[in-house]
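Next comes data.tsv, a file with TSV, C-alpha atoms.
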```tsv
chain	number	residue	atom	x	y	z
A	1	MET	CA	5.73	35.66	-51.19
A	2	ALA	CA	6.30	31.90	-51.41
A	3	LEU	CA	3.77	29.42	-50.07
A	4	SER	CA	5.18	27.01	-47.50
A	5	THR	CA	4.32	23.46	-46.57
A	6	THR	CA	1.85	23.16	-43.70
A	7	ARG	CA	0.29	20.39	-41.61
A	8	ARG	CA	-2.45	18.13	-42.99
A	9	THR	CA	-5.49	19.31	-41.03
A	10	PRO	CA	-9.05	19.57	-42.35
A	11	LEU	CA	-9.81	23.18	-43.33
A	12	SER	CA	-6.64	24.23	-41.55
A	13	ASP	CA	-6.48	27.79	-40.30
A	14	GLN	CA	-2.91	27.77	-41.58
A	15	VAL	CA	-4.07	27.14	-45.15
A	16	ILE	CA	-6.70	29.86	-45.01
A	17	ALA	CA	-4.17	32.25	-43.47
A	18	GLN	CA	-1.61	31.54	-46.18
A	19	LEU	CA	-4.09	32.04	-48.99
A	20	ARG	CA	-5.37	35.21	-47.36
A	21	GLY	CA	-1.77	36.38	-47.00
A	22	GLN	CA	-1.21	35.98	-50.73
A	23	ILE	CA	-4.23	38.22	-51.33
A	24	THR	CA	-3.60	40.93	-48.74
A	25	SER	CA	0.07	41.22	-49.67
A	26	GLY	CA	-0.81	41.89	-53.29
A	27	GLU	CA	0.96	38.76	-54.49
A	28	TRP	CA	-2.41	37.76	-55.92
A	29	PRO	CA	-3.88	41.11	-57.06
A	30	VAL	CA	-7.59	41.79	-57.26
A	31	GLY	CA	-8.88	40.47	-60.57
A	32	SER	CA	-6.13	37.88	-60.96
A	33	ARG	CA	-6.71	34.13	-61.18
A	34	ILE	CA	-5.15	32.19	-58.35
A	35	PRO	CA	-3.24	28.91	-58.89
A	36	THR	CA	-5.32	25.87	-59.69
A	37	GLU	CA	-6.43	23.48	-56.99
A	38	ALA	CA	-3.80	20.97	-58.08
A	39	GLU	CA	-1.06	23.61	-57.96
A	40	LEU	CA	-2.11	24.69	-54.47
A	41	VAL	CA	-2.12	21.10	-53.28
A	42	GLU	CA	1.44	20.70	-54.52
A	43	GLN	CA	2.67	24.02	-53.07
A	44	LEU	CA	0.98	23.63	-49.69
A	45	GLY	CA	1.49	19.91	-49.24
A	46	VAL	CA	-2.07	19.31	-48.05
A	47	ALA	CA	-4.99	17.21	-49.23
A	48	ARG	CA	-7.13	18.38	-52.14
A	49	ASN	CA	-10.21	18.58	-49.90
A	50	THR	CA	-8.36	20.88	-47.51
A	51	VAL	CA	-7.50	23.28	-50.31
A	52	ARG	CA	-11.02	23.09	-51.70
A	53	GLU	CA	-12.62	23.89	-48.35
A	54	ALA	CA	-10.18	26.74	-47.68
A	55	VAL	CA	-10.93	28.29	-51.07
A	56	ARG	CA	-14.64	27.93	-50.46
A	57	ALA	CA	-14.28	29.57	-47.06
A	58	LEU	CA	-12.51	32.57	-48.58
A	59	ALA	CA	-15.11	32.72	-51.34
A	60	HIS	CA	-17.85	32.72	-48.70
A	61	ASN	CA	-16.09	35.64	-46.99
A	62	GLY	CA	-16.01	37.57	-50.25
A	63	LEU	CA	-12.28	37.43	-51.02
A	64	LEU	CA	-12.46	34.91	-53.87
A	65	ASP	CA	-14.83	34.33	-56.77
A	66	ILE	CA	-15.13	30.72	-57.98
A	67	ARG	CA	-16.09	30.69	-61.66
A	68	GLN	CA	-17.03	27.31	-63.02
A	69	GLY	CA	-14.95	26.40	-66.05
A	70	SER	CA	-12.72	29.45	-65.69
A	71	GLY	CA	-10.97	29.25	-62.32
A	72	THR	CA	-10.94	31.15	-59.05
A	73	TYR	CA	-10.28	34.87	-59.01
A	74	VAL	CA	-9.38	37.41	-56.33
A	75	LEU	CA	-12.42	39.56	-55.67
A	76	ALA	CA	-11.33	41.67	-52.69
A	77	THR	CA	-8.38	42.19	-50.37
A	78	SER	CA	-10.22	41.74	-47.08
A	79	GLU	CA	-13.45	40.33	-45.68
A	80	LEU	CA	-14.74	43.88	-45.24
A	81	ALA	CA	-13.91	44.69	-48.86
A	82	GLY	CA	-15.93	41.67	-49.89
A	83	VAL	CA	-18.86	42.82	-47.78
A	84	MET	CA	-18.66	46.31	-49.27
A	85	HIS	CA	-18.60	44.87	-52.78
A	86	ARG	CA	-21.73	42.82	-52.15
A	87	ARG	CA	-23.48	45.68	-50.32
A	88	PHE	CA	-22.96	48.19	-53.14
A	89	ALA	CA	-23.02	45.87	-56.16
A	90	ASP	CA	-26.24	47.50	-57.38
A	91	ALA	CA	-25.52	51.02	-56.18
A	92	ASP	CA	-26.38	54.00	-58.35
A	93	GLN	CA	-23.17	54.79	-60.27
A	94	ASP	CA	-23.67	58.54	-59.96
A	95	GLN	CA	-23.68	58.13	-56.20
A	96	VAL	CA	-20.52	56.02	-56.36
A	97	ALA	CA	-18.94	58.80	-58.44
A	98	GLU	CA	-19.85	61.30	-55.71
A	99	LEU	CA	-18.27	59.03	-53.10
A	100	ARG	CA	-15.12	58.69	-55.18
A	101	SER	CA	-14.97	62.45	-55.62
A	102	THR	CA	-15.26	63.02	-51.88
A	103	LEU	CA	-12.48	60.56	-51.04
A	104	GLU	CA	-10.12	61.19	-53.96
A	105	THR	CA	-10.22	64.99	-53.87
A	106	SER	CA	-9.46	64.96	-50.14
A	107	ALA	CA	-6.70	62.39	-50.62
A	108	ALA	CA	-5.09	64.34	-53.46
A	109	GLY	CA	-5.05	67.53	-51.40
A	110	LEU	CA	-3.48	65.76	-48.44
A	111	ALA	CA	-1.00	63.98	-50.70
A	112	ALA	CA	0.20	67.33	-52.06
A	113	LEU	CA	0.92	68.47	-48.51
A	114	ARG	CA	2.40	65.26	-47.14
A	115	ARG	CA	3.96	63.35	-50.02
A	116	THR	CA	7.55	62.16	-49.87
A	117	ASP	CA	9.95	61.76	-52.76
A	118	ARG	CA	9.27	58.03	-52.63
A	119	ASP	CA	5.53	58.69	-52.86
A	120	LEU	CA	6.14	60.74	-55.99
A	121	GLU	CA	8.12	57.90	-57.54
A	122	LEU	CA	5.31	55.44	-56.83
A	123	ILE	CA	2.61	57.75	-58.19
A	124	ALA	CA	4.67	58.44	-61.32
A	125	ALA	CA	5.27	54.72	-61.84
A	126	ALA	CA	1.56	54.03	-61.42
A	127	LEU	CA	0.75	56.77	-63.92
A	128	ALA	CA	3.17	55.25	-66.44
A	129	ARG	CA	1.54	51.82	-66.00
A	130	ARG	CA	-1.84	53.48	-66.53
A	131	GLU	CA	-0.62	54.99	-69.80
A	132	ASP	CA	0.80	51.64	-70.93
A	133	ALA	CA	-2.44	49.87	-70.07
A	134	TRP	CA	-4.45	52.37	-72.11
A	135	HIS	CA	-2.24	51.91	-75.14
A	136	SER	CA	-2.46	48.13	-74.79
A	137	GLY	CA	-6.15	48.38	-75.55
A	138	ASP	CA	-7.14	45.99	-72.75
A	139	ALA	CA	-10.04	47.56	-70.81
A	140	GLU	CA	-9.63	45.43	-67.68
A	141	ASP	CA	-5.89	46.07	-67.50
A	142	PHE	CA	-6.64	49.77	-67.74
A	143	VAL	CA	-9.22	49.58	-64.95
A	144	GLN	CA	-6.71	47.86	-62.67
A	145	ALA	CA	-3.95	50.33	-63.57
A	146	ASP	CA	-6.20	53.35	-63.07
A	147	ALA	CA	-7.30	52.03	-59.68
A	148	ALA	CA	-3.66	51.48	-58.71
A	149	PHE	CA	-2.84	55.09	-59.61
A	150	HIS	CA	-5.57	56.43	-57.34
A	151	GLN	CA	-4.50	54.03	-54.59
A	152	ALA	CA	-0.97	55.43	-54.83
A	153	VAL	CA	-2.30	58.98	-54.43
A	154	VAL	CA	-4.37	57.92	-51.42
A	155	ALA	CA	-1.32	56.23	-49.88
A	156	ALA	CA	0.65	59.47	-50.29
A	157	ALA	CA	-1.90	61.24	-48.08
A	158	HIS	CA	-0.44	59.29	-45.14
A	159	ASN	CA	-3.80	58.85	-43.43
A	160	GLU	CA	-4.15	55.23	-42.38
A	161	VAL	CA	-7.91	55.44	-41.85
A	162	LEU	CA	-8.51	57.00	-45.26
A	163	ALA	CA	-6.23	54.41	-46.91
A	164	ALA	CA	-8.03	51.53	-45.18
A	165	VAL	CA	-11.49	52.80	-46.10
A	166	TYR	CA	-10.44	53.40	-49.71
A	167	ALA	CA	-8.88	49.93	-49.93
A	168	ASP	CA	-12.04	48.30	-48.57
A	169	LEU	CA	-14.02	50.14	-51.23
A	170	GLY	CA	-11.58	48.96	-53.89
A	171	GLU	CA	-13.90	46.64	-55.80
A	172	VAL	CA	-16.71	49.21	-55.59
A	173	THR	CA	-14.49	51.84	-57.21
A	174	ARG	CA	-13.18	49.37	-59.80
A	175	ALA	CA	-16.76	48.45	-60.71
A	176	HIS	CA	-17.44	52.16	-61.20
A	177	LEU	CA	-14.35	52.45	-63.39
A	178	ARG	CA	-15.55	49.52	-65.49
A	179	HIS	CA	-18.87	51.28	-65.89
A	180	ASP	CA	-17.10	54.46	-67.04
A	181	VAL	CA	-14.63	52.74	-69.34
A	182	GLY	CA	-17.00	50.23	-70.89
A	183	PRO	CA	-15.98	46.96	-72.56
A	184	GLU	CA	-13.70	48.72	-75.06
A	185	LEU	CA	-11.28	51.63	-74.77
A	186	ILE	CA	-12.38	54.60	-76.87
A	187	ALA	CA	-9.75	57.22	-77.72
A	188	ASP	CA	-11.89	60.32	-77.18
A	189	ARG	CA	-12.89	59.16	-73.70
A	190	TYR	CA	-9.35	59.09	-72.36
A	191	VAL	CA	-8.90	61.26	-69.25
A	192	SER	CA	-5.31	62.28	-68.52
A	193	HIS	CA	-4.16	62.24	-64.90
A	194	ASP	CA	-0.91	64.11	-65.54
A	195	ALA	CA	-2.23	67.26	-63.83
A	196	ILE	CA	-2.93	65.35	-60.62
A	197	LEU	CA	0.66	64.16	-60.44
A	198	GLN	CA	1.99	67.63	-61.25
A	199	ALA	CA	-0.09	69.28	-58.54
A	200	VAL	CA	1.05	66.73	-55.96
A	201	ARG	CA	4.64	67.26	-57.11
A	202	ASP	CA	4.22	71.04	-56.75
A	203	ARG	CA	2.68	70.62	-53.28
A	204	ASP	CA	-0.36	72.55	-54.54
A	205	ALA	CA	-3.17	71.07	-52.45
A	206	ALA	CA	-5.94	73.16	-53.99
A	207	SER	CA	-4.96	72.24	-57.54
A	208	ALA	CA	-4.49	68.58	-56.63
A	209	SER	CA	-8.01	68.38	-55.21
A	210	LEU	CA	-9.41	70.30	-58.17
A	211	GLU	CA	-7.73	68.06	-60.74
A	212	ALA	CA	-8.78	64.88	-58.95
A	213	GLY	CA	-12.39	66.04	-58.91
A	214	ARG	CA	-12.21	67.24	-62.50
A	215	ALA	CA	-10.98	63.83	-63.67
A	216	ILE	CA	-14.02	62.12	-62.16
A	217	GLY	CA	-16.32	64.80	-63.57
A	218	MET	CA	-14.92	64.30	-67.06
A	219	CYS	CA	-15.53	60.58	-66.79
A	220	ARG	CA	-19.15	61.22	-65.79
A	221	GLU	CA	-19.65	63.64	-68.67
A	222	GLY	CA	-18.46	60.97	-71.08
A	223	ASN	CA	-21.28	58.62	-70.08
```

Encoding of this model in structure tokens:
Amino acid sequence: MALSTTRRTPLSDQVIAQLRGQITSGEWPVGSRIPTEAELVEQLGVARNTVREAVRALAHNGLLDIRQGSGTYVLATSELAGVMHRRFADADQDQVAELRSTLETSAAGLAALRRTDRDLELIAAALARREDAWHSGDAEDFVQADAAFHQAVVAAAHNEVLAAVYADLGEVTRAHLRHDVGPELIADRYVSHDAILQAVRDRDAASASLEAGRAIGMCREGN
């Protein structure tokens, strides 16, 4: 999604809306670094102070994380997601695992019943990216790819409320994944998700739920 030139107005709602649009559309994924201030000034055609204030406003709302000397990174996809991230930043990870199990087992079961052929393609593609990320050896890439796989399964459940809640908990679940994975990928801690895809493909709701829960349980056992 291309940024477009907007009017020169202090802390313009248009600037904030455009930056938010880049985030919510996935053009700037969670964890990615956004363009520099100078690049945004050039793309938007507004004053540097306008960009700076807009970025600060989105950081205040929990969507962006300004890291001195490193840049500005996408922290969450919505204001509510930012709130959830701050609220549960220090949550007990076993309790987060229980929450994930509740949501992801239900989603997998529903996905097996409701998935379309297109859903299967998206889940399979996400699984392939997860495999590639693991073999790359980059822990953060793997966390993002694993989260994207689970998001694809949730989307296949075709429950808008469930999808919205899961998306708003996105950074909470990614933080839990980082806790499970650790700073380095270790071969004997790899948890395959092939069985989840197969159960969804077979429209076997019971097996899909079981495999989704088992995957989380195996991660917990590894810690």

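Contact shell of stretch 135-145 of chain A at 6 Å (only C-alpha atoms; same-chain neighbours under 4 positions omitted): A:Arg130, A:Glu184, A:Leu185.
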
Radius query 12 Å about (-1.5, 57.9, -52.5), atoms used: all atoms listed in the file, as number ranges by chain: A: 103-116, 118-127, 147-160, 162-164, 166-167, 196-197, 200, 208, 212

Two-atom distance - atom CA of A:Phe88, atom CA of A:Gly170 (Å): 11.4 Å

Length of the atom CA of A:Ala76 to atom CA of A:Asp90 vector [Å]: 16.7 Å

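The space separating atom CA of A:Ser25 from atom CA of A:Val161 comes to 18.1 Å.
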
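Remark: for A:Arg214, the closest of the candidate residues A:Arg129, A:His176, A:His60, A:His193 is A:His193 (distances computed over all atoms listed in the file).
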
Test item: which residues lie within 12 Å of (-2.2, 31.5, -60.0) counting all atoms listed in the file, as a list in words: Leu3, Leu19, Gln22, Ile23, Glu27, Trp28, Pro29, Val30, Gly31, Ser32, Arg33, Ile34, Pro35, Thr36, Glu37, Ala38, Glu39, Leu40, Gln43, Gly71, Thr72, Tyr73 and Val74 of chain A

Selection: 8 Å around A:Ser78, all atoms listed in the file, excl. self and same-chain fewer than 3 positions, as a list in words: Thr24, Gly62, Leu63, Ala81, Gly82 and Asp168 of chain A
